[in-house]
file upload_8.txt (compact mmCIF, C-alpha atoms)
# COMPACT_ATOMS: atom_id res chain seq x y z
CA MET A 14 -8.65 -10.98 1.20
CA GLN A 15 -9.38 -13.71 3.68
CA LEU A 16 -6.17 -13.32 5.70
CA ILE A 17 -6.70 -9.61 6.29
CA GLU A 18 -10.26 -10.28 7.45
CA GLY A 19 -8.84 -12.92 9.78
CA LEU A 20 -6.25 -10.49 11.12
CA LYS A 21 -8.94 -7.93 11.79
CA ARG A 22 -10.94 -10.56 13.69
CA ARG A 23 -7.73 -11.26 15.62
CA ASP A 24 -7.72 -14.85 14.45
CA LEU A 25 -4.44 -16.48 15.50
CA ARG A 26 -4.36 -18.88 12.60
CA ALA A 27 -4.72 -15.99 10.14
CA LEU A 28 -1.77 -14.26 11.83
CA ALA A 29 0.29 -17.46 11.60
CA LYS A 30 -0.54 -17.91 7.90
CA ALA A 31 0.07 -14.24 7.14
CA ILE A 32 3.57 -14.53 8.64
CA SER A 33 4.22 -17.61 6.47
CA LEU A 34 3.35 -15.59 3.39
CA ALA A 35 5.65 -12.78 4.55
CA GLU A 36 8.51 -15.21 5.07
CA ASN A 37 7.91 -17.15 1.83
CA ASP A 38 7.35 -14.17 -0.42
CA PRO A 39 7.91 -10.77 1.19
CA LEU A 40 7.11 -8.88 -2.03
CA LYS A 41 3.78 -10.65 -2.49
CA ALA A 42 3.00 -10.10 1.20
CA GLU A 43 3.63 -6.37 0.80
CA GLU A 44 1.02 -6.32 -1.95
CA VAL A 45 -1.53 -8.38 -0.04
CA PHE A 46 -1.09 -6.62 3.30
CA GLY A 47 -0.53 -3.10 1.98
CA GLU A 48 -3.26 -1.71 4.21
CA VAL A 49 -1.79 -3.36 7.29
CA ILE A 50 1.80 -2.42 6.55
CA SER A 51 1.03 1.26 6.10
CA GLN A 52 -0.31 1.53 9.65
CA PRO A 53 1.88 3.42 12.13
CA PRO A 54 3.69 1.22 14.67
CA MET A 55 1.70 0.38 17.80
CA SER A 56 3.56 -2.19 19.88
CA PHE A 57 6.69 -1.55 21.88
CA LYS A 58 9.39 -3.67 20.23
CA VAL A 59 12.34 -5.04 22.13
CA GLY A 60 15.12 -6.88 20.31
CA LEU A 61 17.58 -9.22 21.95
CA THR A 62 20.76 -10.12 20.15
CA GLY A 63 24.07 -11.70 21.08
CA PRO A 64 26.28 -14.71 20.48
CA PRO A 65 24.85 -18.25 20.20
CA GLY A 66 24.22 -19.83 23.57
CA SER A 67 24.39 -16.52 25.45
CA GLY A 68 20.89 -17.11 26.85
CA LYS A 69 18.67 -14.93 24.66
CA SER A 70 15.78 -17.41 24.53
CA THR A 71 15.88 -18.11 28.25
CA LEU A 72 15.92 -14.36 28.97
CA ILE A 73 12.93 -13.97 26.67
CA ARG A 74 11.10 -16.71 28.54
CA ASN A 75 11.67 -14.75 31.76
CA ILE A 76 10.49 -11.50 30.18
CA VAL A 77 7.39 -13.19 28.73
CA SER A 78 6.41 -14.66 32.07
CA ARG A 79 6.83 -11.31 33.85
CA ALA A 80 4.87 -9.47 31.18
CA VAL A 81 2.03 -12.00 31.35
CA GLU A 82 1.93 -11.70 35.14
CA GLU A 83 1.25 -8.01 34.59
CA ASN A 84 -1.56 -8.85 32.20
CA MET A 85 0.29 -7.79 29.07
CA SER A 86 -0.01 -9.62 25.78
CA VAL A 87 3.29 -10.64 24.20
CA GLY A 88 4.33 -11.58 20.67
CA VAL A 89 7.69 -13.21 20.02
CA LEU A 90 9.53 -13.62 16.71
CA ALA A 91 12.60 -15.80 17.18
CA VAL A 92 15.01 -16.45 14.33
CA ASP A 93 17.37 -19.41 14.00
CA PRO A 94 19.82 -19.98 11.15
CA SER A 95 19.01 -21.85 7.94
CA SER A 96 21.30 -24.50 6.53
CA PRO A 97 23.65 -23.32 3.76
CA PHE A 98 23.57 -26.91 2.45
CA SER A 99 19.94 -28.00 2.51
CA GLY A 100 18.10 -24.71 3.03
CA GLY A 101 16.33 -26.39 5.95
CA ALA A 102 16.50 -25.27 9.55
CA LEU A 103 16.19 -26.56 13.06
CA LEU A 104 14.15 -23.99 14.92
CA ALA A 105 14.48 -24.60 18.63
CA ASP A 106 14.04 -21.23 20.35
CA ARG A 107 10.47 -22.14 21.19
CA LEU A 108 11.71 -25.03 23.28
CA ARG A 109 13.18 -22.56 25.76
CA ILE A 110 10.71 -19.71 25.39
CA ALA A 111 7.36 -21.49 25.55
CA ILE A 112 5.74 -21.67 28.95
CA PRO A 113 3.17 -24.49 29.31
CA ASN A 114 -0.52 -23.72 29.73
CA LEU A 115 -0.34 -20.05 28.80
CA ASP A 116 -3.35 -18.47 27.16
CA PRO A 117 -2.55 -18.44 23.41
CA SER A 118 -4.36 -15.13 23.00
CA LYS A 119 -1.84 -13.58 25.43
CA VAL A 120 1.38 -15.11 24.11
CA PHE A 121 2.15 -15.82 20.47
CA ILE A 122 5.53 -17.33 19.63
CA ARG A 123 6.72 -17.80 16.09
CA SER A 124 10.03 -19.40 15.10
CA LEU A 125 11.56 -18.15 11.86
CA SER A 126 14.40 -19.40 9.71
CA SER A 127 16.99 -16.86 8.53
CA ARG A 128 16.54 -18.35 5.00
CA GLY A 129 20.08 -17.48 4.03
CA HIS A 130 19.80 -13.86 5.16
CA LEU A 131 22.91 -12.59 6.93
CA GLY A 132 21.78 -9.62 9.03
CA GLY A 133 20.70 -11.74 12.01
CA LEU A 134 17.01 -11.85 11.02
CA SER A 135 15.11 -13.05 7.92
CA PRO A 136 14.26 -11.62 4.49
CA GLY A 137 10.58 -11.33 5.44
CA ILE A 138 11.12 -9.91 8.92
CA VAL A 139 9.99 -6.38 8.13
CA VAL A 140 6.57 -7.58 7.00
CA SER A 141 6.31 -10.18 9.78
CA VAL A 142 7.00 -7.53 12.42
CA LYS A 143 4.41 -5.25 10.81
CA LEU A 144 1.83 -8.05 10.87
CA MET A 145 2.49 -8.75 14.55
CA ASP A 146 2.29 -5.05 15.23
CA TYR A 147 -1.05 -4.78 13.45
CA TYR A 148 -2.46 -7.78 15.28
CA GLY A 149 -1.54 -5.87 18.41
CA PHE A 150 0.61 -7.05 21.30
CA ASP A 151 1.51 -4.87 24.26
CA LEU A 152 5.06 -6.10 23.91
CA LEU A 153 6.78 -7.48 20.84
CA LEU A 154 10.03 -9.37 21.36
CA LEU A 155 12.51 -10.08 18.59
CA GLU A 156 15.26 -12.63 18.99
CA THR A 157 18.03 -12.71 16.39
CA VAL A 158 20.07 -15.74 15.40
CA GLY A 159 23.22 -16.13 17.46
CA VAL A 160 25.35 -13.30 16.09
CA GLY A 161 29.01 -12.39 15.84
CA GLN A 162 30.22 -8.82 15.41
CA ALA A 163 28.49 -7.55 12.29
CA GLU A 164 24.84 -8.66 12.29
CA VAL A 165 23.09 -5.53 13.44
CA GLU A 166 19.80 -5.40 11.53
CA VAL A 167 17.78 -5.70 14.71
CA MET A 168 18.61 -2.02 15.34
CA TYR A 169 16.34 -1.13 12.40
CA LEU A 170 13.37 -3.10 13.70
CA ALA A 171 13.42 -2.90 17.48
CA ASP A 172 12.66 0.21 19.52
CA LEU A 173 15.00 -0.98 22.25
CA VAL A 174 17.95 -3.28 21.56
CA GLY A 175 19.51 -5.44 24.25
CA VAL A 176 22.90 -6.97 23.49
CA VAL A 177 23.33 -10.13 25.54
CA LEU A 178 26.91 -11.08 26.38
CA VAL A 179 28.55 -13.77 28.45
CA PRO A 180 31.94 -13.70 30.16
CA ASN A 181 35.29 -14.70 28.65
CA LEU A 182 34.62 -13.88 25.01
CA GLY A 183 37.42 -11.33 24.76
CA ASP A 184 39.07 -8.32 26.34
CA ASP A 185 38.04 -4.65 26.51
CA ILE A 186 39.50 -4.00 23.03
CA GLN A 187 36.99 -6.46 21.56
CA ALA A 188 34.29 -4.45 23.27
CA MET A 189 35.52 -1.24 21.61
CA LYS A 190 35.07 -2.59 18.09
CA SER A 191 32.41 -1.40 15.69
CA GLY A 192 29.24 -3.29 14.95
CA LEU A 193 27.30 -5.26 17.49
CA MET A 194 28.65 -3.41 20.53
CA GLU A 195 27.47 -0.08 19.10
CA VAL A 196 23.82 -1.02 18.60
CA ALA A 197 23.07 -1.72 22.27
CA ASP A 198 20.52 0.43 24.06
CA LEU A 199 21.24 -1.78 27.00
CA PHE A 200 23.69 -4.56 27.77
CA VAL A 201 22.95 -7.79 29.55
CA VAL A 202 25.81 -9.72 31.11
CA ASN A 203 24.12 -13.11 31.32
CA LYS A 204 25.39 -16.18 33.20
CA CYS A 205 26.56 -13.62 35.75
CA THR A 206 27.57 -16.23 38.30
CA LEU A 207 30.36 -17.42 36.00
CA GLN A 208 33.92 -16.32 36.60
CA GLY A 209 34.73 -13.23 34.56
CA ALA A 210 31.18 -11.83 34.60
CA GLU A 211 31.98 -9.06 37.05
CA LYS A 212 35.05 -8.11 35.02
CA LEU A 213 32.94 -7.92 31.86
CA ARG A 214 30.37 -5.71 33.58
CA LEU A 215 33.08 -3.30 34.79
CA GLU A 216 34.67 -3.21 31.32
CA LEU A 217 31.34 -2.37 29.71
CA GLU A 218 30.60 0.35 32.23
CA SER A 219 34.01 1.86 31.78
CA LEU A 220 33.65 1.63 27.98
CA ILE A 221 30.37 3.55 28.12
CA GLU A 222 31.78 6.08 30.57
CA ASN A 223 34.91 6.78 28.52
CA SER A 224 33.63 6.47 24.99
CA PRO A 225 33.50 9.70 22.94
CA ARG A 226 30.14 8.54 21.55
CA PHE A 227 28.46 8.87 24.90
CA GLN A 228 29.85 12.26 25.96
CA ASN A 229 26.74 14.43 26.28
CA ALA A 230 24.63 11.61 24.82
CA LEU A 231 20.90 11.47 25.42
CA TRP A 232 21.13 7.84 26.21
CA LYS A 233 23.83 5.79 27.89
CA PRO A 234 23.20 2.05 27.77
CA PRO A 235 22.85 0.58 31.25
CA VAL A 236 24.46 -2.77 32.03
CA PHE A 237 22.43 -5.53 33.70
CA SER A 238 23.90 -8.63 35.25
CA THR A 239 21.54 -11.58 35.01
CA ASP A 240 21.36 -15.31 35.30
CA ALA A 241 18.45 -16.32 33.11
CA LEU A 242 18.28 -19.84 34.53
CA THR A 243 17.85 -18.79 38.16
CA GLY A 244 16.17 -15.46 37.38
CA GLU A 245 18.85 -13.41 39.15
CA GLY A 246 18.81 -9.77 38.03
CA LEU A 247 15.70 -10.27 35.91
CA GLU A 248 13.53 -8.09 38.13
CA GLU A 249 15.75 -5.06 37.42
CA LEU A 250 16.01 -5.81 33.70
CA TRP A 251 12.25 -6.20 33.34
CA ALA A 252 11.53 -3.02 35.32
CA PHE A 253 13.88 -1.13 33.02
CA ILE A 254 12.38 -2.52 29.81
CA LYS A 255 8.85 -1.90 31.04
CA ASN A 256 9.54 1.70 32.02
CA SER A 257 11.60 2.71 28.96
CA PRO A 258 8.61 3.82 26.86
CA ARG A 259 7.88 6.43 29.52
CA ASP A 260 11.43 7.75 29.74
CA GLU A 261 11.78 11.22 28.27
CA ASN A 262 15.24 10.64 26.82
CA PHE A 263 14.24 7.32 25.42
CA LEU A 264 11.28 8.88 23.64
CA LYS A 265 13.59 11.39 21.96
CA LEU A 266 15.81 8.52 20.88
CA LEU A 267 12.79 6.57 19.68
CA GLU A 268 11.75 9.40 17.39
CA LYS A 269 15.05 9.05 15.54
CA LYS A 270 14.82 5.28 15.59
CA ARG A 271 11.35 5.24 14.06
CA LYS A 272 12.61 7.27 11.10
CA ARG A 273 15.47 4.81 10.70
CA GLN A 274 12.95 1.96 10.82
CA VAL A 275 10.94 3.36 7.91
CA HIS A 276 14.12 3.88 5.91
CA PHE A 277 15.10 0.27 6.51
CA GLN A 278 11.64 -1.07 5.63
CA ILE A 279 11.85 0.51 2.20
CA TYR A 280 15.48 -0.46 1.68
CA GLN A 281 14.83 -4.08 2.70
CA SER A 282 11.93 -4.26 0.30
CA LEU A 283 14.11 -3.03 -2.57
CA LEU A 284 16.81 -5.50 -1.60
CA ASN A 285 14.29 -8.34 -1.67
CA TYR A 286 13.25 -7.30 -5.17
CA PHE A 287 16.78 -7.16 -6.54
CA ARG A 288 17.82 -10.32 -4.72
CA LEU A 289 15.09 -12.22 -6.55
CA LYS A 290 16.19 -10.69 -9.83
CA ALA A 291 19.79 -11.60 -9.08
CA GLU A 292 18.79 -15.19 -8.34
CA ASP A 293 16.92 -15.36 -11.65
CA ALA A 294 19.89 -13.87 -13.46
CA MET A 295 22.21 -16.47 -11.95
CA LYS A 296 20.06 -19.16 -13.57
CA LEU A 297 20.99 -17.75 -16.97
CA LEU A 298 24.63 -18.18 -16.15
CA SER A 299 26.45 -21.20 -17.50
CA LEU A 300 29.99 -19.84 -17.36
CA ASP A 301 32.49 -21.31 -15.01
CA TYR A 302 34.70 -18.29 -14.55
CA TYR A 303 34.27 -14.95 -12.84
CA SER A 304 34.95 -11.60 -14.45
CA PRO A 305 33.60 -8.07 -14.19
CA THR A 306 32.32 -8.39 -17.77
CA VAL A 307 30.14 -11.33 -16.82
CA VAL A 308 28.73 -9.41 -13.87
CA ARG A 309 28.03 -6.33 -15.99
CA GLU A 310 26.19 -8.42 -18.55
CA LEU A 311 24.05 -9.95 -15.84
CA ILE A 312 23.21 -6.55 -14.40
CA LYS A 313 22.20 -5.44 -17.87
CA LYS A 314 19.92 -8.45 -18.19
CA ILE A 315 18.37 -7.80 -14.77
CA LEU A 316 17.61 -4.19 -15.65
CA GLU A 317 16.25 -5.12 -19.09
CA GLY A 318 14.04 -7.76 -17.48
CA ARG A 319 12.73 -5.11 -15.15
CA GLU A 320 11.75 -2.82 -18.00
CA GLU A 321 9.82 -5.62 -19.70
CA GLU A 322 7.49 -5.93 -16.72
CA MET B 16 4.87 -25.77 -2.56
CA GLU B 17 8.59 -25.12 -2.48
CA LYS B 18 10.78 -27.43 -0.50
CA GLY B 19 12.55 -25.77 2.42
CA LYS B 20 9.40 -23.87 3.17
CA VAL B 21 7.54 -26.90 4.43
CA ARG B 22 7.32 -26.60 8.19
CA ILE B 23 7.26 -29.65 10.43
CA LEU B 24 6.75 -29.55 14.19
CA ILE B 25 8.48 -32.36 16.05
CA ALA B 26 7.30 -32.91 19.60
CA LYS B 27 7.67 -35.36 22.44
CA VAL B 28 4.23 -35.82 23.90
CA GLY B 29 3.51 -36.78 27.50
CA LEU B 30 5.77 -37.94 30.28
CA ASP B 31 8.67 -39.31 28.28
CA GLY B 32 12.15 -37.84 28.29
CA HIS B 33 13.76 -40.13 25.73
CA ASP B 34 14.39 -37.66 22.94
CA ARG B 35 17.19 -39.27 20.95
CA GLY B 36 14.83 -40.42 18.21
CA ALA B 37 13.01 -37.09 18.05
CA LYS B 38 16.30 -35.18 17.83
CA TYR B 39 17.54 -37.55 15.15
CA ILE B 40 14.45 -37.10 12.98
CA ALA B 41 14.51 -33.32 13.53
CA GLN B 42 18.07 -33.08 12.25
CA ALA B 43 17.50 -35.53 9.41
CA LEU B 44 14.50 -33.54 8.17
CA ARG B 45 16.51 -30.32 8.43
CA ASP B 46 19.17 -31.97 6.26
CA LYS B 47 16.44 -32.76 3.72
CA GLY B 48 15.61 -29.07 3.47
CA TYR B 49 12.58 -28.76 5.74
CA GLU B 50 12.06 -26.20 8.45
CA VAL B 51 11.75 -28.18 11.64
CA ILE B 52 10.37 -26.67 14.81
CA TYR B 53 11.58 -28.75 17.72
CA THR B 54 9.52 -28.25 20.87
CA GLY B 55 11.37 -30.63 23.18
CA ILE B 56 10.18 -33.14 25.76
CA ARG B 57 7.12 -33.47 28.01
CA GLN B 58 4.65 -31.52 25.89
CA THR B 59 0.93 -31.74 26.52
CA PRO B 60 -1.36 -32.27 23.50
CA GLU B 61 -2.75 -28.77 24.19
CA ASP B 62 0.69 -27.15 23.98
CA ILE B 63 1.56 -29.09 20.82
CA VAL B 64 -1.63 -27.96 19.08
CA LYS B 65 -1.06 -24.36 20.17
CA ALA B 66 2.50 -24.51 18.84
CA ALA B 67 1.46 -26.15 15.54
CA ILE B 68 -1.03 -23.35 14.88
CA GLN B 69 1.29 -20.49 15.86
CA GLU B 70 4.14 -21.99 13.84
CA ASP B 71 1.86 -22.64 10.84
CA ALA B 72 3.24 -26.18 10.56
CA GLN B 73 1.89 -28.41 7.78
CA PHE B 74 2.95 -31.53 9.72
CA VAL B 75 3.16 -32.54 13.34
CA GLY B 76 5.46 -35.45 14.12
CA LEU B 77 4.88 -37.01 17.55
CA SER B 78 7.43 -39.19 19.25
CA LEU B 79 6.53 -41.44 22.14
CA LEU B 80 8.21 -44.35 23.84
CA SER B 81 6.20 -44.55 27.04
CA GLY B 82 3.27 -46.63 25.81
CA ALA B 83 0.62 -43.90 26.08
CA HIS B 84 0.35 -43.39 22.31
CA ASN B 85 -3.21 -44.78 22.08
CA GLN B 86 -4.38 -41.97 24.36
CA LEU B 87 -2.10 -39.07 23.46
CA PHE B 88 -1.79 -39.31 19.66
CA PRO B 89 -5.58 -39.26 19.02
CA LYS B 90 -5.91 -36.43 21.55
CA VAL B 91 -3.64 -34.23 19.40
CA VAL B 92 -5.70 -34.99 16.28
CA GLN B 93 -8.93 -34.26 18.13
CA LEU B 94 -7.68 -30.92 19.51
CA LEU B 95 -6.48 -29.85 16.06
CA LYS B 96 -9.97 -30.56 14.75
CA GLU B 97 -11.53 -28.52 17.57
CA LYS B 98 -9.33 -25.58 16.58
CA GLY B 99 -10.31 -25.88 12.93
CA ALA B 100 -6.81 -27.04 12.03
CA GLU B 101 -7.56 -30.57 10.85
CA ASP B 102 -5.58 -29.86 7.67
CA ILE B 103 -2.39 -30.21 9.73
CA VAL B 104 -1.14 -33.75 9.12
CA VAL B 105 -0.16 -35.78 12.20
CA PHE B 106 2.32 -38.63 12.08
CA GLY B 107 3.96 -40.59 14.85
CA GLY B 108 7.01 -42.57 15.74
CA GLY B 109 8.57 -44.43 18.62
CA VAL B 110 8.05 -47.80 20.22
CA ILE B 111 4.61 -48.57 18.88
CA PRO B 112 3.40 -52.18 18.62
CA ALA B 113 2.25 -53.19 15.13
CA ASP B 114 -1.14 -54.20 16.59
CA ASP B 115 -1.83 -50.59 17.64
CA ILE B 116 -1.19 -49.07 14.22
CA PRO B 117 -4.62 -49.76 12.65
CA PHE B 118 -6.31 -48.15 15.66
CA LEU B 119 -4.09 -45.06 15.52
CA LYS B 120 -4.71 -44.68 11.78
CA SER B 121 -8.44 -44.97 12.35
CA GLN B 122 -8.08 -42.05 14.79
CA GLY B 123 -6.63 -39.80 12.12
CA ILE B 124 -2.90 -40.33 12.60
CA LYS B 125 -1.79 -40.41 9.00
CA GLU B 126 1.28 -42.63 9.38
CA ILE B 127 3.25 -44.43 12.07
CA PHE B 128 6.99 -44.97 11.78
CA PRO B 129 8.20 -47.73 14.08
CA PRO B 130 11.87 -48.35 14.99
CA GLY B 131 13.96 -49.22 11.94
CA THR B 132 12.26 -46.65 9.68
CA THR B 133 14.68 -44.95 7.31
CA ILE B 134 14.65 -41.18 6.86
CA ASP B 135 13.84 -41.63 3.17
CA GLU B 136 10.59 -43.38 4.10
CA VAL B 137 9.61 -40.35 6.18
CA VAL B 138 10.55 -37.95 3.37
CA ASP B 139 8.58 -40.03 0.83
CA PHE B 140 5.57 -39.85 3.13
CA ILE B 141 5.88 -36.07 3.48
CA GLU B 142 6.33 -35.48 -0.24
CA LYS B 143 3.49 -37.82 -1.19
CA THR B 144 1.17 -36.16 1.33
CA LEU B 145 2.03 -32.70 -0.03
CA LYS B 146 1.47 -33.89 -3.58
CA ASP B 147 -1.92 -35.42 -2.72
CA ALA B 148 -2.96 -32.24 -0.92
CA ALA B 149 -2.02 -30.13 -3.95
CA HIS B 150 -4.37 -32.13 -6.20

call {"tool": "encode", "arguments": {"input": "upload_8.txt", "output": "structure tokens"}}
result
Amino acid sequence: MQLIEGLKRRDLRALAKAISLAENDPLKAEEVFGEVISQPPMSFKVGLTGPPGSGKSTLIRNIVSRAVEENMSVGVLAVDPSSPFSGGALLADRLRIAIPNLDPSKVFIRSLSSRGHLGGLSPGIVVSVKLMDYYGFDLLLLETVGVGQAEVEVMYLADLVGVVLVPNLGDDIQAMKSGLMEVADLFVVNKCTLQGAEKLRLELESLIENSPRFQNALWKPPVFSTDALTGEGLEELWAFIKNSPRDENFLKLLEKKRKRQVHFQIYQSLLNYFRLKAEDAMKLLSLDYYSPTVVRELIKKILEGREEE
Amino acid sequence: MEKGKVRILIAKVGLDGHDRGAKYIAQALRDKGYEVIYTGIRQTPEDIVKAAIQEDAQFVGLSLLSGAHNQLFPKVVQLLKEKGAEDIVVFGGGVIPADDIPFLKSQGIKEIFPPGTTIDEVVDFIEKTLKDAAH
């Protein structure tokens, strides 16, 4: 297949087109790129997640520029939400991430639409990440859509997850809740010059110190205070990210994470399959009421359809 | 090709910060179901071409109000060709005198949308171009 040959030649256009296939039709892409997808992970993957407007893209821009200064190659996948009305999307992470005049062979940025997917990423993300990994970047950065409390899928794709927060979003009880706050391998308090930032940092540190989860834990998430616009605190954050893959405790954690990643890859692929079937089944539906009987009949049809294949 | 999976890069090329039109078209195309990559203001032709390739855009829409369209629009087309990406369709908009349009089209800019263009005209152009390409 032409695209695989292109990927092997490290042709950027082939990578870009391969990602389009992954996003348009993840199941087809799994077939086409089977050889690529079965390869063990190579790149170090860092995910940044957090609420909309918390500064994820601007932080990524800072990280990219520091990585390039150290002669590393960087791939970025940045997801923005799709429209529930039109299915379209306005993808504008690139606007903040892209640095003019950078060597395209060193930095590859791809904007993705969530295409209705609710986990913070996209239905094709597993394959897209694998393709980027195969192409080979020293550092792979993943940016989720702006998230709330429950979109945590990035934990199944990234080796290191940074949760980016900004001051005044809620008190320490909010920070104790399940979901987003639990998936952080590190916290970033961005816009740290704003009032309330120091309070947030202290609350996070106290949360980590006093949480039963972190008693005797291998890994306690550090908290970084940054201002992505001025670059304050970025030196420390970058040094930490860069050195994590050599940290003994982190490597133990990574071993567990990599198993979780494989589990998720398979699960996501199954979900994609059944989601398509469910969409097809919905087309058969002309009823205007909802009942468990209707749902059971549809499930029956989906499973019958599957056997016919 | 399925709608909603057509990717359009909208860029402001050159030294021109007036982005109201570009933002308007970006949102309008999103509302029509396209995936729009908005790169923002003051982009060089080199950066636009790099972005179009990485984003696997089928269309690049250039917006310019500074008067440098006769230099910068053809430059984008030429760089795409150099990168083997001449299949990416370039269109333009902004304050562009009618007299300049034949020249720009001769340079490979597929369509020019001057002030007063409706969003449906742009959508018709996109859909017609996709249809022609499919044949």

call {"tool": "closest_atom_pairs", "arguments": {"input": "upload_8.txt", "of": "chain A", "to": "chain B", "cutoff": "8 Å", "atoms": "all atoms listed in the file", "output": "JSON lines"}}
result
{"residue": "A:Leu25", "atom": "CA", "partner": "B:Gln69", "partner_atom": "CA", "distance": 7.0}
{"residue": "A:Arg26", "atom": "CA", "partner": "B:Ile68", "partner_atom": "CA", "distance": 6.0}
{"residue": "A:Ala29", "atom": "CA", "partner": "B:Gln69", "partner_atom": "CA", "distance": 5.3}
{"residue": "A:Lys30", "atom": "CA", "partner": "B:Asp71", "partner_atom": "CA", "distance": 6.1}
{"residue": "A:Ser33", "atom": "CA", "partner": "B:Asp71", "partner_atom": "CA", "distance": 7.1}
{"residue": "A:Asn37", "atom": "CA", "partner": "B:Lys20", "partner_atom": "CA", "distance": 7.0}
{"residue": "A:Ser96", "atom": "CA", "partner": "B:Asp46", "partner_atom": "CA", "distance": 7.8}
{"residue": "A:Phe98", "atom": "CA", "partner": "B:Asp46", "partner_atom": "CA", "distance": 7.7}
{"residue": "A:Ser99", "atom": "CA", "partner": "B:Gly48", "partner_atom": "CA", "distance": 4.6}
{"residue": "A:Gly100", "atom": "CA", "partner": "B:Gly48", "partner_atom": "CA", "distance": 5.0}
{"residue": "A:Gly101", "atom": "CA", "partner": "B:Gly48", "partner_atom": "CA", "distance": 3.7}
{"residue": "A:Ala102", "atom": "CA", "partner": "B:Glu50", "partner_atom": "CA", "distance": 4.7}
{"residue": "A:Leu103", "atom": "CA", "partner": "B:Val51", "partner_atom": "CA", "distance": 4.9}
{"residue": "A:Leu104", "atom": "CA", "partner": "B:Ile52", "partner_atom": "CA", "distance": 4.6}
{"residue": "A:Ala105", "atom": "CA", "partner": "B:Tyr53", "partner_atom": "CA", "distance": 5.1}
{"residue": "A:Arg107", "atom": "CA", "partner": "B:Thr54", "partner_atom": "CA", "distance": 6.2}
{"residue": "A:Leu108", "atom": "CA", "partner": "B:Thr54", "partner_atom": "CA", "distance": 4.6}
{"residue": "A:Pro113", "atom": "CA", "partner": "B:Asp62", "partner_atom": "CA", "distance": 6.5}
{"residue": "A:Asn114", "atom": "CA", "partner": "B:Asp62", "partner_atom": "CA", "distance": 6.8}
{"residue": "A:Pro117", "atom": "CA", "partner": "B:Lys65", "partner_atom": "CA", "distance": 6.9}
{"residue": "A:Phe121", "atom": "CA", "partner": "B:Gln69", "partner_atom": "CA", "distance": 6.6}
{"residue": "A:Ile122", "atom": "CA", "partner": "B:Gln69", "partner_atom": "CA", "distance": 6.5}
{"residue": "A:Arg123", "atom": "CA", "partner": "B:Glu70", "partner_atom": "CA", "distance": 5.4}
{"residue": "A:Ser124", "atom": "CA", "partner": "B:Glu70", "partner_atom": "CA", "distance": 6.6}
{"residue": "A:Ser126", "atom": "CA", "partner": "B:Glu50", "partner_atom": "CA", "distance": 7.3}

call {"tool": "atom_distance", "arguments": {"input": "upload_8.txt", "atom1": "CA of Leu61 in chain A", "atom2": "CA of Gly246 in chain A"}}
result
16.1 Å

call {"tool": "residues_around", "arguments": {"input": "upload_8.txt", "residues": "Ile76 in chain A", "least_positions_apart": "3", "cutoff": "8 Å", "atoms": "all atoms listed in the file", "output": "ChimeraX atom specification"}}
result
/A:72-73,79-80,247,251

call {"tool": "residues_around", "arguments": {"input": "upload_8.txt", "residues": "range 217-232 of chain A", "least_positions_apart": "5", "cutoff": "9 Å", "atoms": "all atoms listed in the file", "output": "list in words"}}
result
Asp185, Ala188, Met189, Asp198, Phe200, Lys212, Asn262, Phe263, Lys265 and Leu266 of chain A

call {"tool": "atom_distance", "arguments": {"input": "upload_8.txt", "atom1": "CA of Gln278 in chain A", "atom2": "CA of Val49 in chain A"}}
result
13.7 Å

call {"tool": "residues_around", "arguments": {"input": "upload_8.txt", "residues": "Leu193 in chain A", "least_positions_apart": "6", "cutoff": "9 Å", "atoms": "only C-alpha atoms", "output": "ChimeraX atom specification"}}
result
/A:62-63,160-165,176

call {"tool": "residues_around", "arguments": {"input": "upload_8.txt", "residues": "Gly175 in chain A", "least_positions_apart": "2", "cutoff": "12 Å", "atoms": "all atoms listed in the file", "output": "JSON, numbers by chain"}}
result
{"A": [58, 59, 60, 61, 62, 63, 69, 72, 73, 154, 155, 156, 157, 165, 167, 168, 171, 172, 173, 177, 178, 193, 194, 195, 196, 197, 198, 199, 200, 201, 202, 203, 234, 235, 236, 237, 250, 251, 253, 254]}

call {"tool": "atom_distance", "arguments": {"input": "upload_8.txt", "atom1": "CA of Leu283 in chain A", "atom2": "CA of Phe46 in chain A"}}
result
16.7 Å

call {"tool": "closest_residue", "arguments": {"input": "upload_8.txt", "among": "A:Ala294, A:His276, A:Leu267, A:Leu242", "to": "Arg109 in chain A", "atoms": "only C-alpha atoms"}}
result
A:Leu242

call {"tool": "closest_residue", "arguments": {"input": "upload_8.txt", "among": "B:Gly109, B:Gly76, B:Asp34, B:Leu95", "to": "Thr132 in chain B", "atoms": "only C-alpha atoms"}}
result
B:Gly109

call {"tool": "residues_around", "arguments": {"input": "upload_8.txt", "residues": "Pro53 in chain A", "least_positions_apart": "6", "cutoff": "12 Å", "atoms": "all atoms listed in the file", "output": "count of residues only"}}
result
9

call {"tool": "axis_aligned_box", "arguments": {"input": "upload_8.txt", "around": "range 246-260 of chain A", "padding_each_side": "8 Å", "output": "JSON"}}
result
{"center_x": 13.3, "center_y": -1.3, "center_z": 32.5, "size_x": 26.9, "size_y": 34.0, "size_z": 27.3}

call {"tool": "residues_near_point", "arguments": {"input": "upload_8.txt", "point": "(1.6, -14.7, 26.4)", "cutoff": "6 Å", "atoms": "only C-alpha atoms", "output": "list in words"}}
result
Val81, Ser86, Val87, Lys119 and Val120 of chain A

call {"tool": "write_last_selection", "arguments": {"input": "upload_8.txt", "atoms": "C-alpha atoms", "output": "short mmCIF file (atom, residue, chain, number, x, y, z; two decimals), keeping the file's coordinate frame"}}
result
data_model
loop_
_atom_site.label_atom_id
_atom_site.label_comp_id
_atom_site.auth_asym_id
_atom_site.auth_seq_id
_atom_site.Cartn_x
_atom_site.Cartn_y
_atom_site.Cartn_z
CA VAL A 81 2.03 -12.00 31.35
CA SER A 86 -0.01 -9.62 25.78
CA VAL A 87 3.29 -10.64 24.20
CA LYS A 119 -1.84 -13.58 25.43
CA VAL A 120 1.38 -15.11 24.11
#
